file start_38.tsv (TSV, C-alpha atoms and all ligand atoms)
chain	number	residue	atom	x	y	z
A	120	MET	CA	14.06	15.24	-20.23
A	121	PRO	CA	13.57	15.79	-16.48
A	122	ASN	CA	16.63	16.10	-14.28
A	123	PRO	CA	17.48	12.72	-12.75
A	124	ILE	CA	16.36	12.41	-9.12
A	125	ILE	CA	19.08	9.88	-8.33
A	126	GLN	CA	22.59	10.06	-9.78
A	127	VAL	CA	25.29	7.57	-8.89
A	128	GLN	CA	28.62	8.63	-10.37
A	129	GLY	CA	31.73	6.47	-10.34
A	130	VAL	CA	30.87	4.84	-7.04
A	131	ASN	CA	33.10	2.23	-5.45
A	132	LYS	CA	32.60	0.67	-2.05
A	133	GLU	CA	35.26	-1.38	-0.34
A	134	TYR	CA	34.95	-3.08	3.02
A	135	GLY	CA	38.02	-3.88	5.09
A	136	ARG	CA	41.66	-3.22	4.30
A	137	GLY	CA	44.67	-4.91	2.75
A	138	LYS	CA	44.31	-8.54	1.73
A	139	LYS	CA	40.89	-8.76	3.31
A	140	THR	CA	39.41	-5.98	1.19
A	141	VAL	CA	36.02	-6.80	-0.32
A	142	ALA	CA	35.06	-4.71	-3.36
A	143	ALA	CA	31.30	-4.62	-2.82
A	144	LEU	CA	30.61	-2.00	-5.53
A	145	LYS	CA	32.79	-1.45	-8.59
A	146	ASP	CA	32.49	1.76	-10.61
A	147	ILE	CA	28.71	2.09	-10.49
A	148	ASN	CA	27.06	4.75	-12.66
A	149	ILE	CA	23.28	5.07	-12.65
A	150	GLU	CA	20.76	7.79	-13.41
A	151	ILE	CA	17.16	7.40	-12.32
A	152	ASN	CA	14.47	9.85	-13.38
A	153	PRO	CA	11.59	11.05	-11.18
A	154	GLY	CA	8.72	8.57	-11.11
A	155	GLU	CA	10.71	5.56	-12.28
A	156	PHE	CA	10.19	2.12	-10.70
A	157	VAL	CA	13.51	0.29	-10.80
A	158	ALA	CA	14.20	-3.24	-9.59
A	159	VAL	CA	17.72	-4.30	-8.60
A	160	VAL	CA	18.32	-8.03	-8.87
A	161	GLY	CA	21.26	-10.41	-8.70
A	162	PRO	CA	22.72	-13.27	-6.68
A	163	SER	CA	23.32	-13.10	-2.94
A	164	GLY	CA	26.42	-11.07	-2.11
A	165	CYS	CA	26.52	-9.18	-5.43
A	166	GLY	CA	26.14	-5.80	-3.71
A	167	LYS	CA	22.43	-4.99	-3.91
A	168	SER	CA	22.01	-3.92	-0.29
A	169	THR	CA	25.30	-2.05	-0.34
A	170	LEU	CA	24.14	-0.12	-3.42
A	171	LEU	CA	20.84	0.78	-1.76
A	172	HIS	CA	22.53	1.86	1.49
A	173	VAL	CA	25.03	3.99	-0.36
A	174	MET	CA	22.29	5.58	-2.51
A	175	ALA	CA	20.30	6.36	0.62
A	176	GLY	CA	23.24	7.90	2.45
A	177	LEU	CA	23.13	5.18	5.11
A	178	GLU	CA	26.73	4.28	4.21
A	179	ALA	CA	29.42	6.39	2.58
A	180	PRO	CA	30.95	5.19	-0.69
A	181	THR	CA	34.72	4.68	-0.75
A	182	ASN	CA	34.73	7.05	-3.71
A	183	GLY	CA	32.35	8.57	-6.21
A	184	ARG	CA	29.31	10.81	-5.79
A	185	ILE	CA	25.63	10.29	-5.04
A	186	LEU	CA	23.18	13.06	-5.87
A	187	LEU	CA	19.61	12.87	-4.57
A	188	ASP	CA	17.32	15.49	-6.06
A	189	GLY	CA	20.46	17.46	-7.02
A	190	VAL	CA	21.99	17.30	-3.52
A	191	ASP	CA	25.37	15.59	-3.21
A	192	VAL	CA	24.83	13.41	-0.15
A	193	THR	CA	28.53	12.51	0.04
A	194	LEU	CA	29.21	16.15	1.03
A	195	ILE	CA	26.60	16.37	3.78
A	196	SER	CA	27.82	16.33	7.37
A	197	GLU	CA	26.70	13.59	9.72
A	198	ARG	CA	24.78	16.23	11.65
A	199	ASP	CA	22.73	17.35	8.66
A	200	MET	CA	22.23	13.90	7.15
A	201	PRO	CA	19.12	12.85	9.15
A	202	LYS	CA	17.25	15.91	7.93
A	203	VAL	CA	18.21	15.34	4.29
A	204	ARG	CA	17.21	11.68	4.62
A	205	ALA	CA	13.85	12.61	6.11
A	206	GLN	CA	13.16	15.10	3.32
A	207	LYS	CA	14.34	13.00	0.41
A	208	ILE	CA	13.89	9.30	1.16
A	209	GLY	CA	11.85	6.59	2.76
A	210	PHE	CA	13.48	3.21	3.42
A	211	VAL	CA	11.72	-0.13	3.83
A	212	PHE	CA	13.78	-3.05	5.16
A	213	GLN	CA	13.26	-6.81	4.90
A	214	SER	CA	12.96	-7.14	8.69
A	215	PHE	CA	10.49	-4.21	9.11
A	216	LEU	CA	12.62	-2.61	11.89
A	217	LEU	CA	9.70	-1.25	13.87
A	218	ILE	CA	10.39	-0.23	17.46
A	219	GLU	CA	8.89	-2.98	19.63
A	220	ASP	CA	7.86	-0.73	22.53
A	221	LEU	CA	5.93	1.66	20.33
A	222	THR	CA	2.50	1.26	18.76
A	223	ALA	CA	1.97	1.53	15.02
A	224	TYR	CA	1.03	5.19	15.42
A	225	GLU	CA	3.98	5.93	17.71
A	226	ASN	CA	6.42	4.24	15.31
A	227	ILE	CA	5.36	6.74	12.68
A	228	GLU	CA	5.20	9.73	15.00
A	229	ALA	CA	8.79	8.92	16.04
A	230	VAL	CA	10.18	9.71	12.59
A	231	LEU	CA	8.08	12.78	11.79
A	232	TRP	CA	10.58	15.46	11.01
A	233	PRO	CA	10.06	18.33	13.43
A	234	SER	CA	9.48	21.42	11.39
A	235	LEU	CA	8.17	24.78	12.43
A	236	GLU	CA	5.75	24.71	9.57
A	237	TYR	CA	3.79	21.85	11.03
A	238	ARG	CA	1.60	22.17	14.04
A	239	LYS	CA	1.17	19.18	16.35
A	240	GLU	CA	-2.36	18.57	15.05
A	241	LYS	CA	-1.12	18.68	11.49
A	242	GLN	CA	1.59	16.12	12.29
A	243	GLU	CA	-0.96	13.83	13.94
A	244	ALA	CA	-3.14	14.08	10.88
A	245	MET	CA	-0.16	13.19	8.66
A	246	ALA	CA	0.61	10.07	10.72
A	247	LEU	CA	-3.04	8.95	10.62
A	248	GLU	CA	-3.26	9.65	6.89
A	249	VAL	CA	-0.35	7.34	6.02
A	250	LEU	CA	-1.74	4.60	8.27
A	251	ARG	CA	-5.00	4.91	6.40
A	252	GLU	CA	-3.13	4.73	3.10
A	253	VAL	CA	-1.71	1.29	3.98
A	254	ASP	CA	-5.03	0.21	5.50
A	255	MET	CA	-3.68	0.01	9.07
A	256	LEU	CA	-5.66	2.83	10.67
A	257	GLU	CA	-7.74	0.42	12.74
A	258	ARG	CA	-4.55	-1.13	14.15
A	259	LYS	CA	-2.88	2.16	15.06
A	260	ASP	CA	-2.69	1.37	18.78
A	261	HIS	CA	-1.31	-2.13	18.32
A	262	PHE	CA	2.28	-3.03	19.06
A	263	PRO	CA	4.44	-4.83	16.46
A	264	ARG	CA	4.18	-8.17	18.34
A	265	GLN	CA	0.39	-7.94	17.96
A	266	MET	CA	0.63	-7.69	14.18
A	267	SER	CA	1.36	-10.18	11.40
A	268	GLY	CA	4.49	-9.75	9.29
A	269	GLY	CA	2.51	-8.24	6.44
A	270	GLU	CA	0.83	-5.77	8.81
A	271	GLN	CA	4.18	-4.77	10.31
A	272	GLN	CA	5.56	-4.19	6.85
A	273	ARG	CA	2.57	-2.01	5.97
A	274	VAL	CA	3.26	0.10	9.06
A	275	ALA	CA	6.92	0.28	8.01
A	276	ILE	CA	5.80	1.54	4.60
A	277	ALA	CA	3.60	4.15	6.27
A	278	ARG	CA	6.63	5.24	8.30
A	279	ALA	CA	8.63	5.60	5.09
A	280	LEU	CA	5.93	7.88	3.65
A	281	VAL	CA	5.11	10.18	6.49
A	282	ASN	CA	7.59	12.93	5.64
A	283	ASN	CA	6.40	12.80	2.04
A	284	PRO	CA	9.80	12.06	0.46
A	285	PRO	CA	10.07	11.75	-3.33
A	286	ILE	CA	12.15	8.55	-3.21
A	287	LEU	CA	11.35	5.13	-1.74
A	288	PHE	CA	14.11	2.53	-1.31
A	289	CYS	CA	13.00	-1.03	-0.52
A	290	ASP	CA	15.49	-3.80	0.33
A	291	GLU	CA	13.79	-7.19	-0.04
A	292	PRO	CA	10.55	-5.83	1.48
A	293	THR	CA	8.82	-9.17	0.96
A	294	GLY	CA	11.74	-11.39	2.02
A	295	ASN	CA	10.18	-12.28	5.39
A	296	LEU	CA	6.64	-12.74	4.04
A	297	ASP	CA	4.79	-15.59	2.37
A	298	SER	CA	4.23	-15.08	-1.35
A	299	LYS	CA	0.61	-13.95	-1.12
A	300	THR	CA	1.31	-11.41	1.64
A	301	GLY	CA	4.43	-10.30	-0.22
A	302	GLU	CA	2.43	-9.70	-3.37
A	303	GLY	CA	0.02	-7.51	-1.35
A	304	VAL	CA	2.93	-5.45	0.00
A	305	LEU	CA	4.36	-5.05	-3.50
A	306	LYS	CA	0.98	-3.85	-4.76
A	307	ILE	CA	1.03	-1.11	-2.13
A	308	ILE	CA	4.54	-0.09	-3.22
A	309	ALA	CA	3.48	-0.13	-6.90
A	310	GLY	CA	0.50	2.05	-5.95
A	311	LEU	CA	2.81	4.63	-4.36
A	312	ASN	CA	4.78	4.79	-7.58
A	313	ARG	CA	1.61	5.13	-9.63
A	314	ASP	CA	-0.46	7.47	-7.46
A	315	ARG	CA	2.09	9.47	-5.47
A	316	LYS	CA	4.58	9.38	-8.36
A	317	MET	CA	7.27	8.25	-5.94
A	318	THR	CA	10.53	7.09	-7.44
A	319	VAL	CA	10.95	3.49	-6.27
A	320	VAL	CA	14.15	1.45	-6.14
A	321	LEU	CA	13.36	-2.12	-5.12
A	322	VAL	CA	15.90	-4.82	-4.33
A	323	THR	CA	14.42	-8.28	-4.72
A	324	HIS	CA	15.44	-11.90	-5.12
A	325	ASN	CA	12.01	-12.75	-6.37
A	326	GLU	CA	11.74	-12.79	-10.16
A	327	GLU	CA	7.94	-12.89	-9.76
A	328	LEU	CA	8.02	-9.38	-8.31
A	329	VAL	CA	10.26	-7.93	-10.99
A	330	LYS	CA	7.17	-7.57	-13.18
A	331	TYR	CA	6.08	-4.56	-11.13
A	332	ALA	CA	9.19	-2.62	-12.15
A	333	LYS	CA	9.55	-0.81	-15.44
A	334	ARG	CA	13.34	-1.02	-15.43
A	335	VAL	CA	15.60	-3.79	-14.13
A	336	LEU	CA	19.23	-3.41	-13.08
A	337	ARG	CA	21.04	-6.75	-12.86
A	338	MET	CA	24.13	-6.92	-10.68
A	339	LYS	CA	26.98	-9.39	-10.49
A	340	ASP	CA	30.11	-9.22	-8.33
A	341	GLY	CA	29.60	-5.57	-7.43
A	342	ALA	CA	28.92	-4.35	-10.96
A	343	ILE	CA	25.82	-3.63	-13.02
A	344	VAL	CA	25.76	-6.11	-15.88
A	345	SER	CA	22.45	-5.16	-17.47
A	346	ASP	CA	20.03	-2.22	-17.40
A	347	LYS	CA	16.75	-2.52	-19.27
A	401	LIG	N1	29.94	-4.47	6.72
A	401	LIG	C1	30.58	-5.28	5.86
A	401	LIG	N2	31.85	-5.65	6.04
A	401	LIG	C2	32.49	-6.45	5.18
A	401	LIG	N3	31.93	-6.94	4.06
A	401	LIG	C3	30.65	-6.59	3.81
A	401	LIG	C4	29.90	-5.77	4.70
A	401	LIG	N4	28.66	-5.61	4.18
A	401	LIG	C5	28.65	-6.32	3.04
A	401	LIG	N5	29.84	-6.90	2.81
A	401	LIG	C6	30.21	-7.72	1.64
A	401	LIG	O1	29.92	-6.98	0.47
A	401	LIG	C7	29.37	-7.83	-0.54
A	401	LIG	C8	28.00	-7.32	-0.96
A	401	LIG	O2	27.09	-7.48	0.13
A	401	LIG	P1	25.55	-7.05	0.04
A	401	LIG	O3	24.99	-7.19	1.41
A	401	LIG	O4	25.46	-5.73	-0.62
A	401	LIG	O5	24.97	-8.18	-0.93
A	401	LIG	P2	23.47	-8.45	-1.40
A	401	LIG	O6	23.49	-8.48	-2.89
A	401	LIG	O7	22.54	-7.51	-0.74
A	401	LIG	O8	23.22	-9.95	-0.88
A	401	LIG	P3	21.85	-10.65	-0.33
A	401	LIG	O9	21.03	-10.94	-1.56
A	401	LIG	O10	22.35	-11.89	0.32
A	401	LIG	O11	21.19	-9.70	0.61
A	401	LIG	C9	29.36	-9.23	0.05
A	401	LIG	O12	30.52	-9.89	-0.36
A	401	LIG	C10	29.38	-8.99	1.54
A	401	LIG	O13	29.99	-10.05	2.22
A	402	MG	MG	21.02	-7.74	0.67

call {"tool": "encode", "arguments": {"input": "start_38.tsv", "output": "structure tokens"}}
result
Amino acid sequence: MPNPIIQVQGVNKEYGRGKKTVAALKDINIEINPGEFVAVVGPSGCGKSTLLHVMAGLEAPTNGRILLDGVDVTLISERDMPKVRAQKIGFVFQSFLLIEDLTAYENIEAVLWPSLEYRKEKQEAMALEVLREVDMLERKDHFPRQMSGGEQQRVAIARALVNNPPILFCDEPTGNLDSKTGEGVLKIIAGLNRDRKMTVVLVTHNEELVKYAKRVLRMKDGAIVSDK
């Protein structure tokens, strides 16, 4: 058996204090192996986004541990976290979250992790390569407002890939798209799992899209109620 690439151990997440406390995650334990494609489903408010944010180190759990590729992200300082995130994970959001003042190319360039190993030309080539991979190379100089939702999401996927992380987290990546466009975006994500062997964790409301995953975690009231 390979070592799990994602380990969630005894994780709880509470928002607020006292009587207003919301238990968004309750004693979550998950192990995901490299190359898995996992869907996370469940009703609105059950904790799907919270789980993804905590797994990705975007939010700290109230207690418990998260290991990504063997690294305990709950122990990493705020200063070092951006680098770990860049190395380990890509994140695709429902609302794309592209920077409006930057072109497609510049949105990707903006997240390239500066590393002494990479020369400027090499970094440029990496940004162009991921744009090509999502079939947006011809639109590289377009701004987000000049693109359709599906095109913006493809650029957002390219941005998630450019540092070549092993893990891709997607939170309702098709939620703002019509079903045909959404299916196209999901096919790209499935292709990254198949061809790049990326580990994919996909949150979706859409039972139609669950078919792309090989494992489904169902959540209810902050807990995982089924895993198969
Ligand atoms: N910043 C916050 N402060 C307080 N409560 C929060 C916060 N973020 C989320 N919650 C609460 O935590 C619970 C889980 O929220 P979460 O966003 O993870 O649900 P979700 O499953 O992603 O829902 P949806 O399908 O609607 O996106 C909800 O009860 C929500 O109200
Ligand atoms: Mg959500």

call {"tool": "closest_residue", "arguments": {"input": "start_38.tsv", "among": "A:Asn152, A:Arg184, A:Glu257, A:Val173", "to": "A:Gln128", "atoms": "only C-alpha atoms"}}
result
A:Arg184

call {"tool": "residues_around", "arguments": {"input": "start_38.tsv", "residues": "A:Gly341", "least_positions_apart": "2", "cutoff": "6 Å", "atoms": "only C-alpha atoms", "output": "JSON, numbers by chain"}}
result
{"A": [143, 144, 145, 165, 166, 339]}

call {"tool": "write_last_selection", "arguments": {"input": "start_38.tsv", "atoms": "C-alpha atoms", "output": "mmCIF file, in the frame of the given file"}}
result
data_model
loop_
_atom_site.group_PDB
_atom_site.id
_atom_site.type_symbol
_atom_site.label_atom_id
_atom_site.label_comp_id
_atom_site.auth_asym_id
_atom_site.auth_seq_id
_atom_site.Cartn_x
_atom_site.Cartn_y
_atom_site.Cartn_z
ATOM 1 C CA ALA A 143 31.300 -4.620 -2.820
ATOM 2 C CA LEU A 144 30.610 -2.000 -5.530
ATOM 3 C CA LYS A 145 32.790 -1.450 -8.590
ATOM 4 C CA CYS A 165 26.520 -9.180 -5.430
ATOM 5 C CA GLY A 166 26.140 -5.800 -3.710
ATOM 6 C CA LYS A 339 26.980 -9.390 -10.490
#

call {"tool": "closest_residue", "arguments": {"input": "start_38.tsv", "among": "A:Leu328, A:Met338, A:Leu187, A:Met174", "to": "ligand LIG 401 (chain A)", "atoms": "only C-alpha atoms and all ligand atoms"}}
result
A:Met338

call {"tool": "closest_atom_pairs", "arguments": {"input": "start_38.tsv", "of": "stretch 153-189 of chain A", "to": "stretch 306-327 of chain A", "cutoff": "9 Å", "atoms": "only C-alpha atoms", "output": "JSON lines"}}
result
{"residue": "A:Pro153", "atom": "CA", "partner": "A:Thr318", "partner_atom": "CA", "distance": 5.5}
{"residue": "A:Gly154", "atom": "CA", "partner": "A:Thr318", "partner_atom": "CA", "distance": 4.4}
{"residue": "A:Glu155", "atom": "CA", "partner": "A:Thr318", "partner_atom": "CA", "distance": 5.1}
{"residue": "A:Phe156", "atom": "CA", "partner": "A:Val319", "partner_atom": "CA", "distance": 4.7}
{"residue": "A:Val157", "atom": "CA", "partner": "A:Val320", "partner_atom": "CA", "distance": 4.8}
{"residue": "A:Ala158", "atom": "CA", "partner": "A:Leu321", "partner_atom": "CA", "distance": 4.7}
{"residue": "A:Val159", "atom": "CA", "partner": "A:Val322", "partner_atom": "CA", "distance": 4.7}
{"residue": "A:Val160", "atom": "CA", "partner": "A:Thr323", "partner_atom": "CA", "distance": 5.7}
{"residue": "A:Gly161", "atom": "CA", "partner": "A:His324", "partner_atom": "CA", "distance": 7.0}
{"residue": "A:Pro162", "atom": "CA", "partner": "A:His324", "partner_atom": "CA", "distance": 7.6}
{"residue": "A:Ser163", "atom": "CA", "partner": "A:His324", "partner_atom": "CA", "distance": 8.3}
{"residue": "A:Lys167", "atom": "CA", "partner": "A:Val322", "partner_atom": "CA", "distance": 6.5}
{"residue": "A:Ser168", "atom": "CA", "partner": "A:Val322", "partner_atom": "CA", "distance": 7.4}
{"residue": "A:Leu171", "atom": "CA", "partner": "A:Val322", "partner_atom": "CA", "distance": 7.9}

call {"tool": "atom_distance", "arguments": {"input": "start_38.tsv", "atom1": "atom CA of A:Asn226", "atom2": "atom CA of A:Asn283"}}
result
15.8 Å

call {"tool": "closest_residue", "arguments": {"input": "start_38.tsv", "among": "A:Gly176, A:Gly164, A:Gly294, A:Pro263", "to": "ligand MG 402 (chain A)", "atoms": "all atoms listed in the file"}}
result
A:Gly164

call {"tool": "closest_residue", "arguments": {"input": "start_38.tsv", "among": "A:Thr193, A:Arg136, A:Leu247, A:Pro292", "to": "ligand MG 402 (chain A)", "atoms": "all atoms listed in the file"}}
result
A:Pro292

call {"tool": "atom_distance", "arguments": {"input": "start_38.tsv", "atom1": "atom CA of A:Gly189", "atom2": "atom CA of A:Ile286"}}
result
12.8 Å

call {"tool": "axis_aligned_box", "arguments": {"input": "start_38.tsv", "around": "ligand LIG 401 (chain A)", "padding_each_side": "5 Å", "output": "JSON"}}
result
{"center_x": 26.8, "center_y": -8.2, "center_z": 1.9, "size_x": 21.5, "size_y": 17.4, "size_z": 19.6}

call {"tool": "atom_distance", "arguments": {"input": "start_38.tsv", "atom1": "atom CA of A:Met255", "atom2": "atom CA of A:Arg238"}}
result
23.3 Å

call {"tool": "closest_residue", "arguments": {"input": "start_38.tsv", "among": "A:Lys299, A:Lys347, A:Lys207, A:Lys132", "to": "A:Gly268", "atoms": "all atoms listed in the file"}}
result
A:Lys299
